[in-house]
Amino acid sequence: MDILTSLILIPVLTVLALLFCKELKNIRVIAAVGMTIQLLQAIRLVFIYMAERASGNDSEMILKKSYQWFESINIQYAVGVDGISVLMILLTGIIIFTGIFTSWKMEYLTKEFFISLIVLATGVFGFFISLDLFTLFLFYELAVLPMYLLIGIWGTGKKEYAAMKLTLMLMGGSALLLVGLLGIYFNSAPDGGQLTFNILEIAKVTIPIEAQRFFFPLTFIGFGVLGALFPFHTWSPDGHASAPTAVSMLHAGVLMKLGGYGAFRVAMYLMPEAANEMAWIFIILTSTSVIYGALGAIVQTDLKYINAYSSVSHCGLVLFAVLMMNQTAFDGAILQMLSHGLMTALFFALIGMIYERTGTRDIKKMGGLMKVMPFLAVAYVIAGFASLGLPGLSGFVAEMTIFVGAFQNEDTFHRIVTIIAVSSIVVTAVYILRVVGKILLGPMIDEKHSLISDAVWHEKIPIFVLLFTIIAMGIAPLWMSDIIWESLGPIVDKLVMLTN
Amino acid sequence: MEFSYTIYIALIPFAVFVINGLFGSKIKESFTGYLGVAGMVVATYLSYFTAYHYFFKVGKAVDGAYQKVIGFNMEWLRFTESLHIDIGVLLDPISVMMLVVITTISLMVHIYSLGYMKGDKGYSRFFAFLSLFTFSMLGLVVATNIFQMYMFWELVGLSSYLLIAHYYQKPSAVAASKKAFIVTRFADLGFLIGILILSYLTGTFDFNILCNPEGPAFMQSSSAVFLGLSTMGWALILIFMGGAGKSAMFPFHIWLPDAMEGPTPVSALIHAATMVVAGVFLIARLFPIFAIVAPNALEVVAVIGGFSSIFAAVIACTQTDIKRILAFSTMSQIGYMMLALGVSGYGAEAGLGFMASMFHLFTHAMFKALLFLGAGAIIHAIHTNNLSEMGNLRKYMPIPHITFLIACLAISGIPPFAGFFSKDEILVAAYNHNQIYFWVEWIVAGLTAFYMFRLYFGIFWGKEKKYDHTPHDAPFSMTFPLIFLAIASAIVGFIPFSNFVTSDGLPFDIQMHWEIALPSIGIAIFGIIVAFVFYKKESDLPNRAVASFGSFYKYALNKFYFDELYLFVARKVIFKRFSSPIAWFDRHIIDATMDGVATITNYIALKIKGLQSGQLQQYASVFVSGVLLLIVIFIYLISV
Amino acid sequence: MIEGISIHHILTVTTIMFFIGAYGFLTRKNLITMLMSIELVLNAVNINFVAFNKYLYPENMQGHFFSMFIIGIAAAEAAVAIAIIINIYRNIHSIDVEDIEQMKY
């Protein structure tokens, strides 16, 4: 069977199997098995991709399939992947796999929880393989909507408010996005002929500049809302703080990447002229969000809020890099998406586990936890160091690529914003070390915490998987960077054509 | 001769770290220590072997200069075609010298820790991190490109953080580790931006290309000028900022005294002998660019170095915590090295300062590590850091006493101990460049002798204090390193250093400059005599001296209030004036705007929901009137 | 075609009937009366259909058929409506239209 379609079918079949499942134990096992297969498929896809490239296939997208779906307006089910989407699929596979294991002890409406979670993942997988703007949008919505239920039903704290806010803001973004996508569609054949939603075909033509000027901001902001673009990021702290662990992981780890990926693949790639013209506005916004998120994180006391603001900062860096318009920076943007996805998922998983044990997420009420749960604490420290960009862990690779890429632009404006963005590494160090120092090190604050036990097997699996990938990416980044690099070729060519 | 095996010098400690780090809790505790020592023995052997081969067999090119040899190189991450991070081994005189220094001190510290850390709860963790540090430091000195250096630079920062926080349940240790990391991180920000500018200007990270006088770095004469310095000059100053952070130069020095919260072997290895001289090494590595392209930047290095040395020496005279005194002394001595680099020119004889700086780095590593290890032996015996709680220890601890004395003599610059030779070269270089520097350093030499002997007399002489139990002499695992380093401190000064390490690789011979050496010996002896008079016996002379200095003493005792200043900036300015307002802004402006949109929608909905009254006949009336309205419109207003 | 009665007369009558029905529907509060008003409206339309058919297109039969349908549907509708009304009465003991407002907002 076609491997790309199977990436959608496996979750769908898992959901069907879950529907007919009664016992709690079976539900977990089915979900875990389904997502394990999915992860293996994602890994296999990487190998297929590399074999395909090695055998000399240098077309922009490989494994292409296209079926006519709705003929009168030319909607197709068109799939295909390049190196970027292959890696994003791998990331999604890892995160949903680990997410299932972190929710192992979910006992309230278990079946429904797993079904929603997997439906969400289906949307994400579909998004990354789609080449057709309409199916892309469809999967995008499929990924966003279960979030409402997941937070509203299984969340904690002000969950209804958070779920409502998150969903409405994302829907607002979708509305802009839909207009943008339709705008692209109606301008996809400026010389007459069949209108199309297919990204590859649209990329061959130049959309009229007037249309671009109008639709680029819509599309970019539409995706940007999901990518936590300042000032449309406020759904993120509340949403993350209320969401159950696995949902936070999936949301920060993967869903926010849909924003960056979409902004890159759709907005920038299809409308480069307008992107070039308007980049400065968004560069100001993104560099603001990089430093703003980091400074905002310093004073928070709730672990999840800290991480949410940190995500704003890191995802801001993704969009920042995307706007820097050169291959190195794009490379860095993709690496940052992968790196941030992994480490933020690890963070949220760990925060969830700490919360289960201590019953609080307030850093002032914890201390000295290193002593009672060394495994979780060490994992937290490593995640923290990845986040502050320590060499040998994934964050360094991504951030340095972005900074070097951004610095290739010669004018003063780019220089200044780059230096502002670079300075975020200090602020990141401050808030990470503050948390580590407060909750893990130092004397024990709460007597009750001395009874805490360390991680058990179903918690160790996700932590090991995520730690392994973070370290592997940090130690041997070249192969990953190479896959991305060659896939960026066509996109950069389009931009270079423009500047000449 | 192939040098590809040199990569194992760094990889062996890394392997030890991985084994100890992953399985440290499972295997027998004492095994982790022995594994660490065994790894270091192999690495030390390999680096001595390398040094021998490099200096005596194959290092020299046909023209007699020591060449740069790439022992190993591997692409690690590619940014663009020309900008890529490689991981490799670059051998030249300074990196080979550093290999020797690091492995020697690290081996000694490993052996010492076998005894010192015995029974500690984090024994295997300690050895794992020690290996991690050694790996990072070795990776730093053999870096083939500036980005590799930056990576390992961060890693040594990490190991330093982890080791300072070894006693992680002590709040002061946690705070100190955090401070060390953040302060150096802030300095590294400058380093990173400097690298970015440098790489942009030259299109490469590679040291071989950067330092090549025909290379792109030297073609930058016409670049833009900003505040009197060329772009290149700014890049170099920013890079120096990173070096100043790591080397605890003013104004980034505040982390070093606090870093003494870590176990004493760590202080000896990281915060005295190796990591803190990374900044000096960095400048030395980029020295051709500094010296030729941006002499202004080099002048900055000299000024900062000179100021730091006297600043720290003054503070050191007033402190009472013995490790802090040593920390300030370290800062002061590194200031010497920086100054020596700053006053140096490029070329064989003109590069006397460069050679002197490296020489001092080498000798300083030996005697400062010795001082720290000796201090560690004392702390181990009587469980306090406080000088006022010590006295007359010489009869309990003969070996630490003798070795400590040798180290004090070495650091004070008394011939024939090592410090004399290197300090003399520095003073000569300073004298040749600018006499002000010379006189400053001359005074510092006196201060150094004074505070070191204040320490010495305070610990080993004076009145005996009450101890919890009789102080015991150190075990052999601790005395062996002391003896070894004492011998080294005594004799390494006789190494003809200028035949090996020079700024351009060409060896030259140096002469003694007695006209410089004699005054410096004189002031050193004067310092020792003052210390002898003040502290040999209990007397009220020190108090009277303090009184005569008045408030200046108070300032020095409180380290000129720099900690408070930084704390003020961090807490009151960054925290209160930036972060809190941003958090507030986010909640109450941006978030409120989003909530406001929702509220407005809600409000309008409330207002118009009355239309949906549930009264059938109202709906019907609206419907009918609508129809009538449409009819009117279609008949009368839209004429077809 | 009836002698002496033009289509205008018939249309006048049906218009009056229609508006009486509409007025009744909008003003009466009793559901049964409202139902009767609807019948009036429907029948006005019925007559219109037949009249137009007879006067304008005598050769066709659509108008007649339509009115047949309307009569049939009206009967069914009346049956359903009265069933609903009976149910409402059972539930709230009133068939006043103003009391039936559960569907508001």
# chains A, B, ... in the order shown; residues from 1 in each chain; ligands from 1
>>> residues_around(residues="region 357-360 of chain A", least_positions_apart="4", cutoff="10 Å", atoms="only C-alpha atoms", output="number ranges by chain")
A: 302-303, 351-353, 364-366, 369, 373, 446, 448-455
>>> select_by_dssp(residues="chain C", states="helix (DSSP H, G or I)", output="number ranges by chain")
C: 7-27, 31-56, 62-92, 97-99
>>> residues_around(residues="Arg577 (chain B)", least_positions_apart="5", cutoff="12 Å", atoms="only C-alpha atoms", output="list of chain:residue names")
A:Leu295, A:Gly296, A:Val299, B:Phe568, B:Val569, B:Ala570, B:Arg571, B:Lys572, B:Ile582, B:Ala583, B:Trp584, B:Phe585
>>> write_last_selection(atoms="C-alpha atoms", output="compact mmCIF listing (two decimals), in the first residue's frame")
# COMPACT_ATOMS: atom_id res chain seq x y z
CA LEU A 295 11.30 37.90 29.38
CA GLY A 296 7.72 36.99 30.11
CA VAL A 299 8.47 36.02 36.24
CA PHE B 568 20.35 45.33 41.81
CA VAL B 569 20.44 45.25 38.02
CA ALA B 570 19.10 41.72 37.91
CA ARG B 571 16.40 42.02 40.53
CA LYS B 572 15.34 45.60 40.37
CA ILE B 582 5.91 42.39 30.21
CA ALA B 583 4.06 39.71 32.10
CA TRP B 584 1.55 42.32 33.18
CA PHE B 585 1.28 43.71 29.68
>>> interface_residues(of="chain C", to="chain B", cutoff="8 Å", atoms="only C-alpha atoms", output="mmCIF file with C-alpha atoms, in the first residue's frame")
data_model
loop_
_atom_site.group_PDB
_atom_site.id
_atom_site.type_symbol
_atom_site.label_atom_id
_atom_site.label_comp_id
_atom_site.auth_asym_id
_atom_site.auth_seq_id
_atom_site.Cartn_x
_atom_site.Cartn_y
_atom_site.Cartn_z
ATOM 1 C CA PHE C 25 -52.971 34.951 12.076
ATOM 2 C CA LEU C 26 -51.079 37.928 13.406
ATOM 3 C CA THR C 27 -53.586 39.111 15.963
ATOM 4 C CA VAL C 97 -49.827 31.464 21.552
ATOM 5 C CA GLU C 98 -48.130 33.918 23.913
ATOM 6 C CA ILE C 100 -45.677 29.107 24.092
ATOM 7 C CA GLU C 101 -42.251 30.702 24.248
ATOM 8 C CA GLN C 102 -39.968 27.916 25.313
ATOM 9 C CA MET C 103 -37.991 28.284 22.113
ATOM 10 C CA LYS C 104 -36.840 31.834 22.727
ATOM 11 C CA TYR C 105 -33.118 32.861 22.811
#
>>> closest_residue(among="A:Thr14, A:Gln212, A:Gln300, A:Ser423", to="Ser188 (chain A)", atoms="only C-alpha atoms")
A:Gln212
>>> interface_residues(of="chain A", to="chain B", cutoff="6 Å", atoms="only C-alpha atoms", output="list in words")
Thr234, Leu295, Gly296, Thr328, Pro391, Val426, Leu441, Gly442, Pro443 and Leu478 of chain A
>>> write_last_selection(atoms="N, CA and C atoms", output="PDB file, in the first residue's frame")
ATOM      1  N   THR A 234      -1.759  34.638  22.820  1.00  0.00           N
ATOM      2  CA  THR A 234      -2.215  34.489  24.212  1.00  0.00           C
ATOM      3  C   THR A 234      -3.054  33.246  24.443  1.00  0.00           C
ATOM      4  N   LEU A 295      11.390  37.044  28.198  1.00  0.00           N
ATOM      5  CA  LEU A 295      11.302  37.898  29.384  1.00  0.00           C
ATOM      6  C   LEU A 295      10.034  37.601  30.167  1.00  0.00           C
ATOM      7  N   GLY A 296       8.964  37.308  29.431  1.00  0.00           N
ATOM      8  CA  GLY A 296       7.718  36.985  30.112  1.00  0.00           C
ATOM      9  C   GLY A 296       7.849  35.730  30.948  1.00  0.00           C
ATOM     10  N   THR A 328      20.248  29.019   4.755  1.00  0.00           N
ATOM     11  CA  THR A 328      20.717  28.663   6.091  1.00  0.00           C
ATOM     12  C   THR A 328      19.641  28.920   7.128  1.00  0.00           C
ATOM     13  N   PRO A 391      25.471  23.078  23.497  1.00  0.00           N
ATOM     14  CA  PRO A 391      25.997  22.208  22.451  1.00  0.00           C
ATOM     15  C   PRO A 391      25.868  20.739  22.854  1.00  0.00           C
ATOM     16  N   VAL A 426      20.470  34.432  26.588  1.00  0.00           N
ATOM     17  CA  VAL A 426      20.810  34.717  27.982  1.00  0.00           C
ATOM     18  C   VAL A 426      19.557  34.628  28.841  1.00  0.00           C
ATOM     19  N   LEU A 441      16.833  21.580  42.777  1.00  0.00           N
ATOM     20  CA  LEU A 441      17.969  21.663  43.690  1.00  0.00           C
ATOM     21  C   LEU A 441      17.526  22.345  44.986  1.00  0.00           C
ATOM     22  N   GLY A 442      18.486  22.536  45.852  1.00  0.00           N
ATOM     23  CA  GLY A 442      18.184  23.200  47.109  1.00  0.00           C
ATOM     24  C   GLY A 442      17.542  22.240  48.090  1.00  0.00           C
ATOM     25  N   PRO A 443      17.178  22.755  49.262  1.00  0.00           N
ATOM     26  CA  PRO A 443      16.578  21.880  50.275  1.00  0.00           C
ATOM     27  C   PRO A 443      15.117  21.574  49.941  1.00  0.00           C
ATOM     28  N   LEU A 478      24.333  16.430  11.191  1.00  0.00           N
ATOM     29  CA  LEU A 478      24.616  16.698   9.786  1.00  0.00           C
ATOM     30  C   LEU A 478      23.647  15.995   8.845  1.00  0.00           C
TER      31      LEU A 478
END
>>> residues_around(residues="Thr14 (chain C)", least_positions_apart="3", cutoff="7 Å", atoms="only C-alpha atoms", output="ChimeraX atom specification")
/C:10-11,17-18,44,47-48
>>> atom_distance(atom1="CA of Thr167 (chain A)", atom2="CA of Met249 (chain A)")
16.9 Å
